>>> print(open('data-v6.txt').read())   # compact mmCIF, C-alpha atoms
# COMPACT_ATOMS: atom_id res chain seq x y z
CA MET A 204 0.00 0.00 0.00
CA THR A 205 1.33 3.41 -0.98
CA THR A 206 1.75 5.72 1.98
CA LEU A 207 1.29 9.47 1.93
CA LEU A 208 5.02 10.00 2.45
CA GLU A 209 5.86 7.84 -0.55
CA SER A 210 3.39 9.82 -2.67
CA ARG A 211 4.99 13.04 -1.53
CA TYR A 212 8.46 11.79 -2.46
CA ARG A 213 7.21 10.73 -5.88
CA THR A 214 5.68 14.17 -6.36
CA VAL A 215 8.98 15.87 -5.57
CA MET A 216 10.85 13.48 -7.86
CA ARG A 217 8.72 14.62 -10.77
CA LEU A 218 11.24 17.46 -10.92
CA LEU A 219 13.63 14.91 -12.42
CA PRO A 220 13.56 14.21 -16.17
CA ARG A 221 11.73 11.08 -17.25
CA TYR A 222 14.81 9.14 -18.33
CA TYR A 223 16.35 9.61 -14.88
CA ARG A 224 13.17 8.67 -13.03
CA GLN A 225 12.80 5.49 -15.04
CA ALA A 226 16.32 4.42 -14.15
CA ARG A 227 16.63 5.59 -10.54
CA GLU A 228 13.26 6.51 -9.01
CA GLU A 229 12.62 3.22 -7.19
CA GLU A 230 16.17 3.06 -5.88
CA MET A 231 16.00 6.63 -4.61
CA LEU A 232 12.60 6.02 -3.03
CA GLU A 233 13.92 2.97 -1.21
CA VAL A 234 16.78 5.02 0.23
CA TYR A 235 14.50 7.83 1.37
CA LEU A 236 12.02 5.45 3.04
CA TRP A 237 14.67 3.15 4.54
CA ASP A 238 14.61 4.49 8.09
CA ALA A 239 11.17 6.11 8.06
CA ASP A 240 8.79 4.96 10.77
CA GLU A 241 5.93 3.16 9.00
CA GLU A 242 3.41 4.35 11.57
CA GLN A 243 4.43 7.99 11.08
CA GLN A 244 4.74 8.04 7.30
CA ASP A 245 1.33 9.62 6.74
CA GLN A 246 2.34 12.53 8.97
CA SER A 247 5.85 12.98 7.52
CA ARG A 248 7.11 15.04 4.62
CA PRO A 249 10.35 15.24 2.65
CA THR A 250 12.76 17.57 4.41
CA ILE A 251 13.86 20.88 2.91
CA GLY A 252 17.34 19.42 2.42
CA GLU A 253 15.96 16.45 0.49
CA VAL A 254 13.82 18.67 -1.73
CA ALA A 255 16.83 20.91 -2.41
CA SER A 256 18.97 17.87 -3.19
CA ILE A 257 16.41 16.54 -5.68
CA ALA A 258 16.09 19.99 -7.28
CA ALA A 259 19.86 20.20 -7.72
CA LEU A 260 19.87 16.70 -9.19
CA ALA A 261 17.11 17.78 -11.59
CA VAL A 262 19.34 20.58 -12.88
CA ARG A 263 22.37 18.26 -13.21
CA SER A 264 20.39 15.57 -15.02
CA ARG A 265 18.95 18.08 -17.49
CA LEU A 266 22.26 19.86 -18.15
CA ALA A 267 23.72 16.41 -18.62
CA THR A 268 26.86 14.88 -20.11
CA ASP A 269 27.09 12.87 -23.30
CA LYS A 270 26.05 9.72 -21.39
CA ALA A 271 22.49 11.03 -21.14
CA PRO A 272 19.84 10.89 -23.90
CA GLY A 273 20.52 13.18 -26.86
CA PRO A 274 18.36 16.23 -25.99
CA TYR A 275 19.74 16.45 -22.45
CA ALA A 276 23.33 15.96 -23.60
CA LEU A 277 22.82 18.71 -26.18
CA LEU A 278 21.27 21.04 -23.60
CA GLY A 279 24.14 20.44 -21.19
CA SER A 280 26.78 20.97 -23.88
CA SER A 281 25.09 24.18 -25.05
CA ALA A 282 24.80 25.58 -21.52
CA ARG A 283 28.46 24.85 -20.73
CA PHE A 284 29.73 26.49 -23.91
CA PHE A 285 27.44 29.48 -23.28
CA ALA A 286 28.84 29.78 -19.76
CA LEU A 287 32.48 29.50 -20.85
CA CYS A 288 32.20 32.04 -23.69
CA ALA A 289 30.05 34.47 -21.67
CA LEU A 290 32.55 34.35 -18.82
CA LEU A 291 35.42 34.92 -21.26
CA LEU A 292 33.71 38.00 -22.74
CA GLN A 293 32.84 39.41 -19.32
CA ALA A 294 36.43 38.92 -18.13
CA ALA A 295 38.18 40.22 -21.25
CA SER A 296 35.94 43.28 -21.75
CA THR A 297 36.18 44.28 -18.07
CA LEU A 298 39.96 43.97 -17.87
CA THR A 299 40.39 45.80 -21.18
CA ASP A 300 38.16 48.62 -19.97
CA ARG A 301 40.09 48.97 -16.71
CA VAL A 302 43.48 48.95 -18.43
CA LEU A 303 42.46 51.49 -21.06
CA SER A 304 40.83 53.71 -18.43
CA ALA A 305 43.96 53.65 -16.26
CA THR A 306 46.14 54.38 -19.29
CA TRP A 307 43.93 57.29 -20.29
CA LEU A 308 44.04 58.72 -16.77
CA GLY A 309 47.82 58.57 -16.81
CA THR A 310 48.10 60.50 -20.05
CA THR A 311 45.22 62.99 -19.92
CA SER A 312 45.25 66.51 -18.53
CA THR A 313 44.75 67.32 -14.86
CA PRO A 314 41.16 68.69 -15.23
CA HIS A 315 40.06 65.47 -16.96
CA GLN A 316 41.76 63.40 -14.27
CA ALA A 317 39.94 65.30 -11.53
CA MET A 318 36.62 64.85 -13.30
CA SER A 319 37.17 61.10 -13.72
CA LEU A 320 38.18 60.67 -10.08
CA MET A 321 35.18 62.53 -8.64
CA GLY A 322 33.64 59.25 -7.47
CA TRP A 323 36.60 58.68 -5.16
CA SER A 324 36.90 62.17 -3.71
CA GLY A 325 34.68 64.97 -2.53
CA HIS A 326 31.65 62.82 -1.67
CA GLY A 327 32.62 61.21 1.60
CA PRO A 328 34.22 57.87 2.51
CA LEU A 329 31.10 55.74 1.90
CA ILE A 330 30.80 56.91 -1.71
CA ALA A 331 34.53 56.32 -2.20
CA VAL A 332 34.23 52.78 -0.85
CA ARG A 333 31.22 52.09 -3.07
CA THR A 334 32.99 53.44 -6.16
CA SER A 335 36.11 51.40 -5.39
CA THR A 336 34.04 48.26 -4.90
CA GLU A 337 32.17 48.78 -8.16
CA TRP A 338 35.49 49.27 -9.94
CA ILE A 339 37.31 46.30 -8.39
CA LEU A 340 34.65 43.57 -8.11
CA PRO A 341 34.12 43.13 -11.88
CA LEU A 342 37.79 42.19 -12.18
CA LEU A 343 36.79 38.93 -10.48
CA TRP A 344 35.33 37.85 -13.83
CA THR A 345 38.94 37.17 -14.84
CA VAL A 346 39.70 35.30 -11.62
CA GLY A 347 36.53 33.25 -12.09
CA TYR A 348 37.45 32.46 -15.70
CA PHE A 349 40.87 31.08 -14.85
CA ALA A 350 39.47 29.26 -11.82
CA LEU A 351 36.87 27.58 -14.02
CA VAL A 352 39.26 26.51 -16.79
CA GLY A 353 41.67 25.36 -14.08
CA GLY A 354 39.06 22.99 -12.64
CA HIS A 355 38.38 25.00 -9.45
CA ARG A 356 34.63 25.26 -9.86
CA ARG A 357 33.58 26.36 -6.38
CA PRO A 358 35.96 29.37 -6.29
CA ALA A 359 34.83 30.19 -9.83
CA ARG A 360 31.20 30.32 -8.69
CA VAL A 361 32.04 32.62 -5.79
CA CYS A 362 34.03 34.94 -8.05
CA VAL A 363 31.35 35.30 -10.73
CA VAL A 364 28.63 36.03 -8.16
CA LEU A 365 30.77 38.77 -6.60
CA ALA A 366 31.69 40.14 -10.02
CA ALA A 367 28.03 40.50 -11.00
CA LEU A 368 26.93 42.26 -7.81
CA PRO A 369 27.70 45.82 -9.01
CA THR A 370 25.10 45.47 -11.78
CA VAL A 371 22.44 45.00 -9.11
CA SER A 372 23.78 47.45 -6.54
CA THR A 373 23.92 50.28 -9.09
CA LEU A 374 20.27 49.78 -10.04
CA ILE A 375 19.18 49.49 -6.39
CA ILE A 376 21.02 52.67 -5.44
CA GLN A 377 19.51 54.58 -8.35
CA LEU A 378 15.99 53.44 -7.48
CA SER A 379 16.44 54.10 -3.75
CA GLU A 380 17.57 57.62 -4.51
CA GLY A 381 14.44 58.17 -6.59
CA SER A 382 16.30 58.42 -9.88
CA VAL A 383 15.60 56.43 -13.01
CA PRO A 384 18.45 55.01 -15.11
CA PRO A 385 19.02 57.08 -18.27
CA GLU A 386 17.88 54.12 -20.36
CA PRO A 387 16.21 51.34 -18.30
CA ALA A 388 16.49 48.74 -21.08
CA TYR A 389 20.25 49.29 -21.26
CA THR A 390 20.67 48.85 -17.52
CA ILE A 391 18.45 45.76 -17.43
CA THR A 392 20.09 43.97 -20.37
CA THR A 393 23.53 44.63 -18.91
CA MET A 394 22.40 43.12 -15.61
CA LEU A 395 20.72 40.24 -17.47
CA PHE A 396 23.93 39.42 -19.33
CA ALA A 397 25.89 39.35 -16.08
CA TRP A 398 23.46 37.17 -14.16
CA LEU A 399 22.80 34.76 -17.01
CA THR A 400 26.56 34.22 -17.03
CA VAL A 401 26.46 33.53 -13.29
CA LEU A 402 23.51 31.15 -13.63
CA ALA A 403 25.14 29.24 -16.48
CA VAL A 404 28.47 28.88 -14.70
CA CYS A 405 26.87 27.72 -11.46
CA ALA A 406 24.34 25.34 -13.03
CA ALA A 407 26.09 23.92 -16.10
CA PHE A 408 29.48 23.13 -14.58
CA HIS A 409 28.23 20.69 -11.97
CA ARG A 410 30.26 17.83 -10.52
CA ASP A 411 29.40 15.46 -13.38
CA ALA A 412 30.28 17.92 -16.14
CA ALA A 413 33.39 17.68 -18.28
CA PRO A 414 36.22 20.19 -17.69
CA ALA A 415 35.82 23.63 -19.24
CA ARG A 416 37.73 23.86 -22.51
CA PHE A 417 37.69 25.55 -25.90
CA PRO A 418 37.72 23.55 -29.15
CA ALA A 419 41.04 25.16 -30.13
CA GLY A 420 43.72 27.07 -28.26
CA SER A 421 44.68 27.18 -24.61
CA PRO A 422 42.42 29.18 -22.25
CA GLY A 423 45.17 31.70 -21.55
CA LEU A 424 45.91 32.28 -25.22
CA VAL A 425 42.21 32.66 -26.04
CA TYR A 426 41.85 35.16 -23.19
CA MET A 427 44.84 37.22 -24.31
CA ALA A 428 43.63 37.22 -27.93
CA CYS A 429 40.15 38.33 -26.84
CA CYS A 430 41.56 41.18 -24.71
CA THR A 431 43.80 42.31 -27.56
CA LEU A 432 41.00 42.33 -30.13
CA ILE A 433 38.57 44.14 -27.85
CA GLY A 434 41.23 46.71 -26.95
CA ALA A 435 42.09 47.26 -30.61
CA SER A 436 38.42 47.74 -31.52
CA ILE A 437 37.97 50.32 -28.76
CA THR A 438 41.13 52.16 -29.81
CA LEU A 439 39.99 52.29 -33.44
CA VAL A 440 36.47 53.58 -32.65
CA PRO A 441 36.71 55.14 -29.17
CA ALA A 442 33.63 57.34 -29.54
CA ALA A 443 31.37 54.31 -30.13
CA ALA A 444 32.90 52.11 -27.45
CA ASP A 445 30.17 51.96 -24.83
CA ALA A 446 29.80 49.08 -22.34
CA ALA A 447 28.19 46.86 -24.99
CA TRP A 448 30.94 47.39 -27.58
CA GLY A 449 33.58 45.09 -26.09
CA PRO A 450 31.38 42.00 -25.52
CA ALA A 451 29.79 42.41 -28.95
CA THR A 452 33.23 42.60 -30.60
CA GLY A 453 34.41 39.55 -28.69
CA PHE A 454 31.29 37.61 -29.66
CA LEU A 455 31.84 38.41 -33.34
CA VAL A 456 35.39 37.07 -33.14
CA LEU A 457 34.25 33.89 -31.37
CA GLY A 458 31.25 33.34 -33.62
CA VAL A 459 32.98 33.98 -36.93
CA GLY A 460 36.02 31.99 -35.78
CA TRP A 461 33.79 29.03 -34.93
CA LEU A 462 32.00 29.21 -38.28
CA ILE A 463 35.28 29.30 -40.18
CA SER A 464 37.11 26.60 -38.25
CA ARG A 465 34.30 24.13 -37.55
CA ASN A 466 34.72 20.51 -38.63
CA ARG A 467 32.10 19.91 -41.31
CA GLU A 468 32.15 16.18 -40.74
CA ALA A 469 31.69 16.19 -36.98
CA GLN A 470 28.11 16.41 -35.75
CA GLN A 471 28.56 15.26 -32.16
CA SER A 472 26.56 16.91 -29.39
CA ASP A 473 29.61 18.97 -28.39
CA THR A 474 29.83 20.50 -31.88
CA MET A 475 26.11 21.26 -32.08
CA GLY A 476 26.12 22.41 -28.46
CA SER A 477 28.83 24.97 -29.13
CA ALA A 478 26.83 26.39 -32.05
CA ILE A 479 23.61 26.60 -30.03
CA GLY A 480 25.41 27.96 -26.98
CA LEU A 481 27.09 30.68 -29.05
CA ALA A 482 23.78 31.54 -30.74
CA ALA A 483 22.08 31.93 -27.34
CA LEU A 484 24.95 34.10 -26.13
CA GLY A 485 24.64 36.20 -29.27
CA LEU A 486 20.96 36.83 -28.58
CA VAL A 487 21.78 38.16 -25.11
CA ILE A 488 24.55 40.36 -26.46
CA LEU A 489 22.34 41.55 -29.31
CA ALA A 490 19.67 42.62 -26.82
CA ASN A 491 22.33 44.56 -24.91
CA ARG A 492 23.65 46.09 -28.14
CA LEU A 493 20.19 47.18 -29.31
CA SER A 494 19.32 48.63 -25.91
CA GLY A 495 22.58 50.56 -26.15
CA LEU A 496 21.37 52.03 -29.42
CA LEU A 497 18.26 53.25 -27.59
CA PHE A 498 20.55 55.01 -25.13
CA TRP A 499 22.53 56.61 -27.96
CA ARG A 500 19.26 57.73 -29.56
CA GLY A 501 18.86 60.59 -27.10
CA LEU A 502 22.38 61.91 -27.63
CA SER A 503 23.87 64.01 -30.39
CA ILE A 504 26.35 61.65 -32.00
CA SER A 505 28.18 61.76 -35.29
CA THR A 506 27.11 59.70 -38.29
CA PRO A 507 30.30 57.59 -38.31
CA VAL A 508 29.78 56.60 -34.67
CA LEU A 509 26.13 55.71 -35.24
CA GLY A 510 27.09 53.82 -38.38
CA SER A 511 29.74 51.82 -36.50
CA THR A 512 27.25 50.85 -33.81
CA LEU A 513 24.59 49.87 -36.35
CA ALA A 514 27.15 47.88 -38.34
CA GLN A 515 28.17 46.00 -35.20
CA ALA A 516 24.53 45.21 -34.35
CA THR A 517 23.94 43.97 -37.90
CA ALA A 518 27.05 41.79 -37.81
CA VAL A 519 25.98 40.26 -34.49
CA THR A 520 22.52 39.52 -35.93
CA VAL A 521 23.94 37.78 -39.01
CA THR A 522 26.36 35.74 -36.89
CA VAL A 523 23.59 34.62 -34.54
CA LEU A 524 21.45 33.50 -37.48
CA ALA A 525 24.35 31.59 -39.04
CA LEU A 526 25.13 29.82 -35.75
CA ALA A 527 21.46 28.94 -35.21
CA VAL A 528 21.22 27.47 -38.72
CA MET A 529 24.36 25.39 -38.12
CA GLY A 530 23.03 24.09 -34.80
CA ILE A 531 19.63 23.15 -36.27
CA ARG A 532 21.19 21.54 -39.33
CA GLY A 533 23.58 19.54 -37.18
CA ARG A 534 20.78 18.27 -34.98
CA LYS A 535 18.69 17.21 -37.97
CA HIS A 536 21.71 15.39 -39.41
CA THR A 537 22.29 13.52 -36.15
CA THR A 538 18.61 12.61 -35.89
CA SER A 539 18.63 11.19 -39.40
CA LEU A 540 21.67 9.06 -38.53
CA GLN A 541 20.02 7.77 -35.34
CA HIS A 542 16.67 7.05 -37.07
CA PRO A 543 17.45 6.12 -40.71
CA ALA A 544 14.58 5.75 -43.08
CA ALA A 545 13.29 2.23 -43.47
>>> encode(input="data-v6.txt", output="structure tokens")
Amino acid sequence: MTTLLESRYRTVMRLLPRYYRQAREEEMLEVYLWDADEEQQDQSRPTIGEVASIAALAVRSRLATDKAPGPYALLGSSARFFALCALLLQAASTLTDRVLSATWLGTTSTPHQAMSLMGWSGHGPLIAVRTSTEWILPLLWTVGYFALVGGHRRPARVCVVLAALPTVSTLIIQLSEGSVPPEPAYTITTMLFAWLTVLAVCAAFHRDAAPARFPAGSPGLVYMACCTLIGASITLVPAAADAAWGPATGFLVLGVGWLISRNREAQQSDTMGSAIGLAALGLVILANRLSGLLFWRGLSISTPVLGSTLAQATAVTVTVLALAVMGIRGRKHTTSLQHPAA
């Protein structure tokens, strides 16, 4: 006879994907009910810890490895490549911005230096601490990136969460002071990009996941190349280089590089997953780029600057579409191989 406690456990385990329940549900249920008092089972419930454990297992089993059924393996591969590339772009664009800003401060005139350093002086110690924190914390994107590719996943998670905090604190401070961001969509998409990166890193790189790696090149070399290209793009078009410029440039390099160097014969889940993961990342970056255009709309900017920004948005759109087509085509090819026509 099925007890109420057993029914409750089965209800919670519906969080798990079907393939996992079919293989492990009875075994898990036996473990959970092993030391439960039969006379008290109708009055008992799964503990909060057990529910949380099953929920975490549901995430791991959906963002699965290549040992899982095809759709879950593909979803896991896509999420991990999204996380790795998003973290790379966050790290490279932030470090490049800080280096170029420091270089500019060291070479500009004294009045410009004083204006740029107003956040650290003249407003009290609390404002100075807040400004310093907002300047330093995003540098942890880089620490998190190298921790992740080095196999240190827990420190990587801590670093990315801390690095993303300024995107929330800035919005909270603005709202608490009764001010509205100059362009709400721009602020929100920037925060969305940061926290989707955090979510992907924390969820996709679970204990069963494969190590973080790029299809070609060492993580350090890829990082240095990304920083160099973003820095060069900002130097060439400094007037158009807003906060969305660096990540969008980095995405174009990653996306076009993948399209050029892909192996046309390989259609494994890792190959399709990288295409789908990059396409999803491109959609997030495109939203940030377009919201940036809304911000520029209210300013008097030159035609070349507006043209550069529009050209970048167009290039991102085309790259996203090409990656999506490659991912869909690769999945259809794999499906046809798995289920050949009779």
>>> axis_aligned_box(input="data-v6.txt", around="stretch 397-409 of chain A", padding_each_side="4 Å", output="AutoDock Vina command-line options")
--center_x 26.1 --center_y 30.0 --center_z -14.2 --size_x 14.7 --size_y 26.7 --size_z 13.6
>>> atom_distance(input="data-v6.txt", atom1="atom CA of A:Ala407", atom2="atom CA of A:Leu278")
9.4 Å
>>> closest_residue(input="data-v6.txt", among="A:Thr390, A:Thr452, A:Thr370, A:Ser494", to="A:Glu337", atoms="all atoms listed in the file")
A:Thr370
>>> residues_around(input="data-v6.txt", residues="A:Ala451", least_positions_apart="5", cutoff="10 Å", atoms="only C-alpha atoms", output="list in words")
Leu292, Ser296, Ile433, Ala446, Val456, Leu457, Gly485, Val487, Ile488, Leu489, Asn491, Arg492, Gln515, Ala516, Ala518 and Val519 of chain A
>>> residues_near_point(input="data-v6.txt", point="(38.2, 22.1, -11.8)", cutoff="10 Å", atoms="all atoms listed in the file", output="PDB file with C-alpha atoms, in the frame of the given file")
ATOM      1  CA  PHE A 349      40.870  31.080 -14.850  1.00  0.00           C
ATOM      2  CA  ALA A 350      39.470  29.260 -11.820  1.00  0.00           C
ATOM      3  CA  LEU A 351      36.870  27.580 -14.020  1.00  0.00           C
ATOM      4  CA  VAL A 352      39.260  26.510 -16.790  1.00  0.00           C
ATOM      5  CA  GLY A 353      41.670  25.360 -14.080  1.00  0.00           C
ATOM      6  CA  GLY A 354      39.060  22.990 -12.640  1.00  0.00           C
ATOM      7  CA  HIS A 355      38.380  25.000  -9.450  1.00  0.00           C
ATOM      8  CA  ARG A 356      34.630  25.260  -9.860  1.00  0.00           C
ATOM      9  CA  ARG A 357      33.580  26.360  -6.380  1.00  0.00           C
ATOM     10  CA  PRO A 358      35.960  29.370  -6.290  1.00  0.00           C
ATOM     11  CA  ALA A 359      34.830  30.190  -9.830  1.00  0.00           C
ATOM     12  CA  PHE A 408      29.480  23.130 -14.580  1.00  0.00           C
ATOM     13  CA  ARG A 410      30.260  17.830 -10.520  1.00  0.00           C
ATOM     14  CA  ALA A 412      30.280  17.920 -16.140  1.00  0.00           C
ATOM     15  CA  ALA A 413      33.390  17.680 -18.280  1.00  0.00           C
ATOM     16  CA  PRO A 414      36.220  20.190 -17.690  1.00  0.00           C
ATOM     17  CA  ALA A 415      35.820  23.630 -19.240  1.00  0.00           C
TER      18      ALA A 415
END
>>> closest_residue(input="data-v6.txt", among="A:Leu298, A:Ala286, A:Ala428, A:Val361", to="A:Leu481", atoms="only C-alpha atoms")
A:Ala286
>>> closest_residue(input="data-v6.txt", among="A:Ser464, A:Ser511, A:Thr306, A:Ser210", to="A:Pro418", atoms="all atoms listed in the file")
A:Ser464
>>> closest_residue(input="data-v6.txt", among="A:Ala294, A:Val302, A:Leu329, A:Ala366", to="A:Tyr348", atoms="all atoms listed in the file")
A:Ala294
>>> atom_distance(input="data-v6.txt", atom1="atom CA of A:Leu374", atom2="atom CA of A:Gly480")
28.1 Å
>>> atom_distance(input="data-v6.txt", atom1="atom CA of A:Phe284", atom2="atom CA of A:Ala478")
8.6 Å
>>> residues_around(input="data-v6.txt", residues="stretch 520-523 of chain A", least_positions_apart="3", cutoff="6 Å", atoms="all atoms listed in the file", output="PyMOL selection string")
chain A and resi 482+485+517+526
